[in-house]
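Below is one structure, written out as structure tokens; comments come after it.
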2 protein chains.
Amino acid sequence: MPSHRRGAVVDDRVLNATLEVIAEFGSMSIRVDDVAAAAGVNKTTIYRRYPTRDELVLAAVLGLAEQTIPTPDSGALETDLVLLCEAVRDTITAPLGRALLSAGGHLDEQIAKLRRDFWTARFDASTEILRRAADRGEILMPARGAEIIEIMVAPLHFRAQQVGGDIDDDFIAELVRRSLVVLAA
Amino acid sequence: MPSHRRGAVVDDRVLNATLEVIAEFGSMSIRVDDVAAAAGVNKTTIYRRYPTRDELVLAAVLGLAEQTIPTPDSGALETDLVLLCEAVRDTITAPLGRALLSAGGHLDEQIAKLRRDFWTARFDASTEILRRAADRGEILMPARGAEIIEIMVAPLHFRAQQVGGDIDDDFIAELVRRSLVVLAA
């Protein structure tokens, strides 16, 4: 086997082992020792390719995302966007995706139930805003008010927890503007 | 002090202690023993009010949300929605909110950096979809393509990680429809 090919095989093994270790321990704070053991390679083999643990984790998680969420190219924008959303959904709801995203602890059933109860109560409180606006004649009361609130606030949570970066007033104005368009439709 | 008032004071102390314990251990899987110690009350006092740990945690987190995210009532829909988003932002970016949402582990700086690098790479890959659509003349290339992708996929992540419930094709169609409206504007 030519050496660049063998290098690619080792690389795959290291990155797959990294994902396994993250999934098993439910944390991005993995130990390179554990990855080396899972991949059956020497630790120095890993450090030669990925000088820091963070580079290793990033390469593994990006590799997974590229495999499971390829950039669609159907020739039509709407189809591409649907394909992208479907691939994201399938990846983040699969066991490995869940483990990677919850980094720091597998969500158990009780916590999942608790979260659902919490959000039901919260969205219910917030749809009151829509009910009042409907009473004032600003809008017609939408059939799925809770979903409108959920979609509006989701990018706040996603940015705060995942993406990072500021949530500035322009970002909030954009989210509100989008909700108003939907409510006016 | 009349007894119903004393009851409310004890209740506040118990719920505040619950939040402290969750924030300290970075997990919703708290021990009622720890809450009792932090509140300076007997465990039976807690169980009398909240028969299960889950009810205790839900009451504490809902109590916090009601305090920090009151339902706005300004008399105008747009203002209400902006106030709601601002309150959500302030709550989830504050230290306690972060601790509650990351349930299972405080995010350290390295992981935060890793996440930012990951999302930058992912959104960059996905804006390729928009670039191709612009090349085909379907849309004008938007100035902030990565933000459009971020806002489109955020509700998928939010529902999968936080809210729970199915991500069905109607939900995806709704997210895509909203993005197309923005892209057409």
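Going by the structure tokens order, chains are called A, B, ..., each with residues numbered from 1, while ligands are numbered from 1 in the order shown.
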
Exercise. Using only C-alpha atoms, determine which residues lie at most 9 Å from Leu15 in chain B, disregarding the query and same-chain residues fewer than 2 positions distant; provide the list as a ChimeraX atom specification.
Key: /B:10-13,17-20,35,39,56-57,59-61,63-64

Store the residues picked out above, limited to N, CA, C and O atoms, as a PDB file, in the first residue's frame.
ATOM      1  N   VAL B  10     -40.146  29.878  52.803  1.00  0.00           N
ATOM      2  CA  VAL B  10     -39.445  28.589  52.722  1.00  0.00           C
ATOM      3  C   VAL B  10     -39.374  28.133  51.271  1.00  0.00           C
ATOM      4  O   VAL B  10     -38.339  27.686  50.779  1.00  0.00           O
ATOM      5  N   ASP B  11     -40.473  28.296  50.564  1.00  0.00           N
ATOM      6  CA  ASP B  11     -40.533  27.895  49.169  1.00  0.00           C
ATOM      7  C   ASP B  11     -39.480  28.633  48.340  1.00  0.00           C
ATOM      8  O   ASP B  11     -38.753  28.025  47.559  1.00  0.00           O
ATOM      9  N   ASP B  12     -39.401  29.948  48.507  1.00  0.00           N
ATOM     10  CA  ASP B  12     -38.387  30.732  47.794  1.00  0.00           C
ATOM     11  C   ASP B  12     -36.987  30.218  48.108  1.00  0.00           C
ATOM     12  O   ASP B  12     -36.140  30.119  47.223  1.00  0.00           O
ATOM     13  N   ARG B  13     -36.769  29.923  49.407  1.00  0.00           N
ATOM     14  CA  ARG B  13     -35.427  29.482  49.817  1.00  0.00           C
ATOM     15  C   ARG B  13     -35.093  28.148  49.156  1.00  0.00           C
ATOM     16  O   ARG B  13     -33.982  27.932  48.704  1.00  0.00           O
ATOM     17  N   ALA B  17     -32.200  27.638  46.373  1.00  0.00           N
ATOM     18  CA  ALA B  17     -31.146  26.658  46.664  1.00  0.00           C
ATOM     19  C   ALA B  17     -31.041  25.641  45.525  1.00  0.00           C
ATOM     20  O   ALA B  17     -29.947  25.212  45.153  1.00  0.00           O
ATOM     21  N   THR B  18     -32.187  25.286  44.955  1.00  0.00           N
ATOM     22  CA  THR B  18     -32.175  24.333  43.830  1.00  0.00           C
ATOM     23  C   THR B  18     -31.388  24.906  42.654  1.00  0.00           C
ATOM     24  O   THR B  18     -30.547  24.221  42.055  1.00  0.00           O
ATOM     25  N   LEU B  19     -31.644  26.181  42.340  1.00  0.00           N
ATOM     26  CA  LEU B  19     -30.910  26.825  41.240  1.00  0.00           C
ATOM     27  C   LEU B  19     -29.411  26.891  41.536  1.00  0.00           C
ATOM     28  O   LEU B  19     -28.582  26.644  40.655  1.00  0.00           O
ATOM     29  N   GLU B  20     -29.081  27.212  42.798  1.00  0.00           N
ATOM     30  CA  GLU B  20     -27.659  27.278  43.178  1.00  0.00           C
ATOM     31  C   GLU B  20     -26.974  25.925  42.979  1.00  0.00           C
ATOM     32  O   GLU B  20     -25.852  25.856  42.479  1.00  0.00           O
ATOM     33  N   VAL B  35     -29.733  20.116  47.998  1.00  0.00           N
ATOM     34  CA  VAL B  35     -30.645  21.263  48.029  1.00  0.00           C
ATOM     35  C   VAL B  35     -31.063  21.551  49.469  1.00  0.00           C
ATOM     36  O   VAL B  35     -31.063  22.704  49.915  1.00  0.00           O
ATOM     37  N   ALA B  39     -30.406  25.003  51.371  1.00  0.00           N
ATOM     38  CA  ALA B  39     -31.553  25.817  51.804  1.00  0.00           C
ATOM     39  C   ALA B  39     -31.643  25.878  53.328  1.00  0.00           C
ATOM     40  O   ALA B  39     -32.389  26.694  53.869  1.00  0.00           O
ATOM     41  N   LEU B  56     -39.337  19.407  41.600  1.00  0.00           N
ATOM     42  CA  LEU B  56     -38.548  20.451  42.245  1.00  0.00           C
ATOM     43  C   LEU B  56     -37.754  21.256  41.213  1.00  0.00           C
ATOM     44  O   LEU B  56     -37.776  22.494  41.199  1.00  0.00           O
ATOM     45  N   VAL B  57     -37.062  20.544  40.329  1.00  0.00           N
ATOM     46  CA  VAL B  57     -36.233  21.212  39.322  1.00  0.00           C
ATOM     47  C   VAL B  57     -37.112  22.049  38.385  1.00  0.00           C
ATOM     48  O   VAL B  57     -36.808  23.206  38.089  1.00  0.00           O
ATOM     49  N   ALA B  59     -40.041  23.382  38.976  1.00  0.00           N
ATOM     50  CA  ALA B  59     -40.556  24.562  39.683  1.00  0.00           C
ATOM     51  C   ALA B  59     -39.478  25.638  39.796  1.00  0.00           C
ATOM     52  O   ALA B  59     -39.745  26.830  39.601  1.00  0.00           O
ATOM     53  N   ALA B  60     -38.252  25.215  40.071  1.00  0.00           N
ATOM     54  CA  ALA B  60     -37.161  26.185  40.249  1.00  0.00           C
ATOM     55  C   ALA B  60     -36.844  26.887  38.929  1.00  0.00           C
ATOM     56  O   ALA B  60     -36.701  28.115  38.876  1.00  0.00           O
ATOM     57  N   VAL B  61     -36.763  26.116  37.857  1.00  0.00           N
ATOM     58  CA  VAL B  61     -36.369  26.695  36.572  1.00  0.00           C
ATOM     59  C   VAL B  61     -37.503  27.549  35.993  1.00  0.00           C
ATOM     60  O   VAL B  61     -37.271  28.625  35.436  1.00  0.00           O
ATOM     61  N   GLY B  63     -39.705  29.094  37.815  1.00  0.00           N
ATOM     62  CA  GLY B  63     -39.736  30.285  38.678  1.00  0.00           C
ATOM     63  C   GLY B  63     -38.719  31.308  38.201  1.00  0.00           C
ATOM     64  O   GLY B  63     -39.027  32.503  38.085  1.00  0.00           O
ATOM     65  N   LEU B  64     -37.520  30.831  37.885  1.00  0.00           N
ATOM     66  CA  LEU B  64     -36.482  31.730  37.380  1.00  0.00           C
ATOM     67  C   LEU B  64     -36.923  32.379  36.066  1.00  0.00           C
ATOM     68  O   LEU B  64     -36.788  33.586  35.868  1.00  0.00           O
TER      69      LEU B  64
END

Please identify every residue of chain A that has at least one atom no farther than 6 Å from an atom of chain B, counting only C-alpha atoms, and for each give the shortest atom pair and the distance in Å to one decimal, arranged by chain then increasing number, as CSV.
residue,atom,partner,partner_atom,distance
A:Leu77,CA,B:Ala133,CA,5.7
A:Gly104,CA,B:Gly105,CA,4.8
A:Gly105,CA,B:Gly104,CA,4.8
A:Arg116,CA,B:Val163,CA,5.3
A:Trp119,CA,B:Val163,CA,5.9
A:Ala133,CA,B:Leu77,CA,5.7
A:Ile151,CA,B:Pro155,CA,5.5
A:Ala154,CA,B:Pro155,CA,5.0
A:Pro155,CA,B:Ala154,CA,5.0
A:Phe158,CA,B:Ala154,CA,5.5
A:Val163,CA,B:Arg116,CA,5.4
A:Gly164,CA,B:Arg116,CA,5.9

Those residues you just picked out, can you put them in a file as a PDB file, in the first residue's frame with C-alpha atoms?
ATOM      1  CA  LEU A  77     -32.621  26.508  -4.271  1.00  0.00           C
ATOM      2  CA  GLY A 104     -20.946  16.940  28.798  1.00  0.00           C
ATOM      3  CA  GLY A 105     -23.744  14.553  29.530  1.00  0.00           C
ATOM      4  CA  ARG A 116     -40.595  19.363  27.388  1.00  0.00           C
ATOM      5  CA  TRP A 119     -40.934  24.604  27.162  1.00  0.00           C
ATOM      6  CA  ALA A 133     -52.355  41.360  19.728  1.00  0.00           C
ATOM      7  CA  ILE A 151     -39.002  29.435  15.785  1.00  0.00           C
ATOM      8  CA  ALA A 154     -34.568  29.285  18.581  1.00  0.00           C
ATOM      9  CA  PRO A 155     -31.740  31.319  16.985  1.00  0.00           C
ATOM     10  CA  PHE A 158     -28.616  28.269  19.143  1.00  0.00           C
ATOM     11  CA  VAL A 163     -22.451  29.069  17.549  1.00  0.00           C
ATOM     12  CA  GLY A 164     -21.096  31.714  19.883  1.00  0.00           C
TER      13      GLY A 164
END

Quiz item: To one decimal place, how far is CA of Ile148 in chain A from CA of Phe123 in chain A in Å?
Solution: 9.3 Å

Quiz prompt | Shortest interatomic distance to Gln67 in chain B - which of B:Pro51, B:Asn16, B:Arg144, B:Thr45, counting only C-alpha atoms | solution = B:Asn16

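Across the structure, CA of Ala99 in chain A and CA of Arg31 in chain A are spaced 16.5 Å apart.
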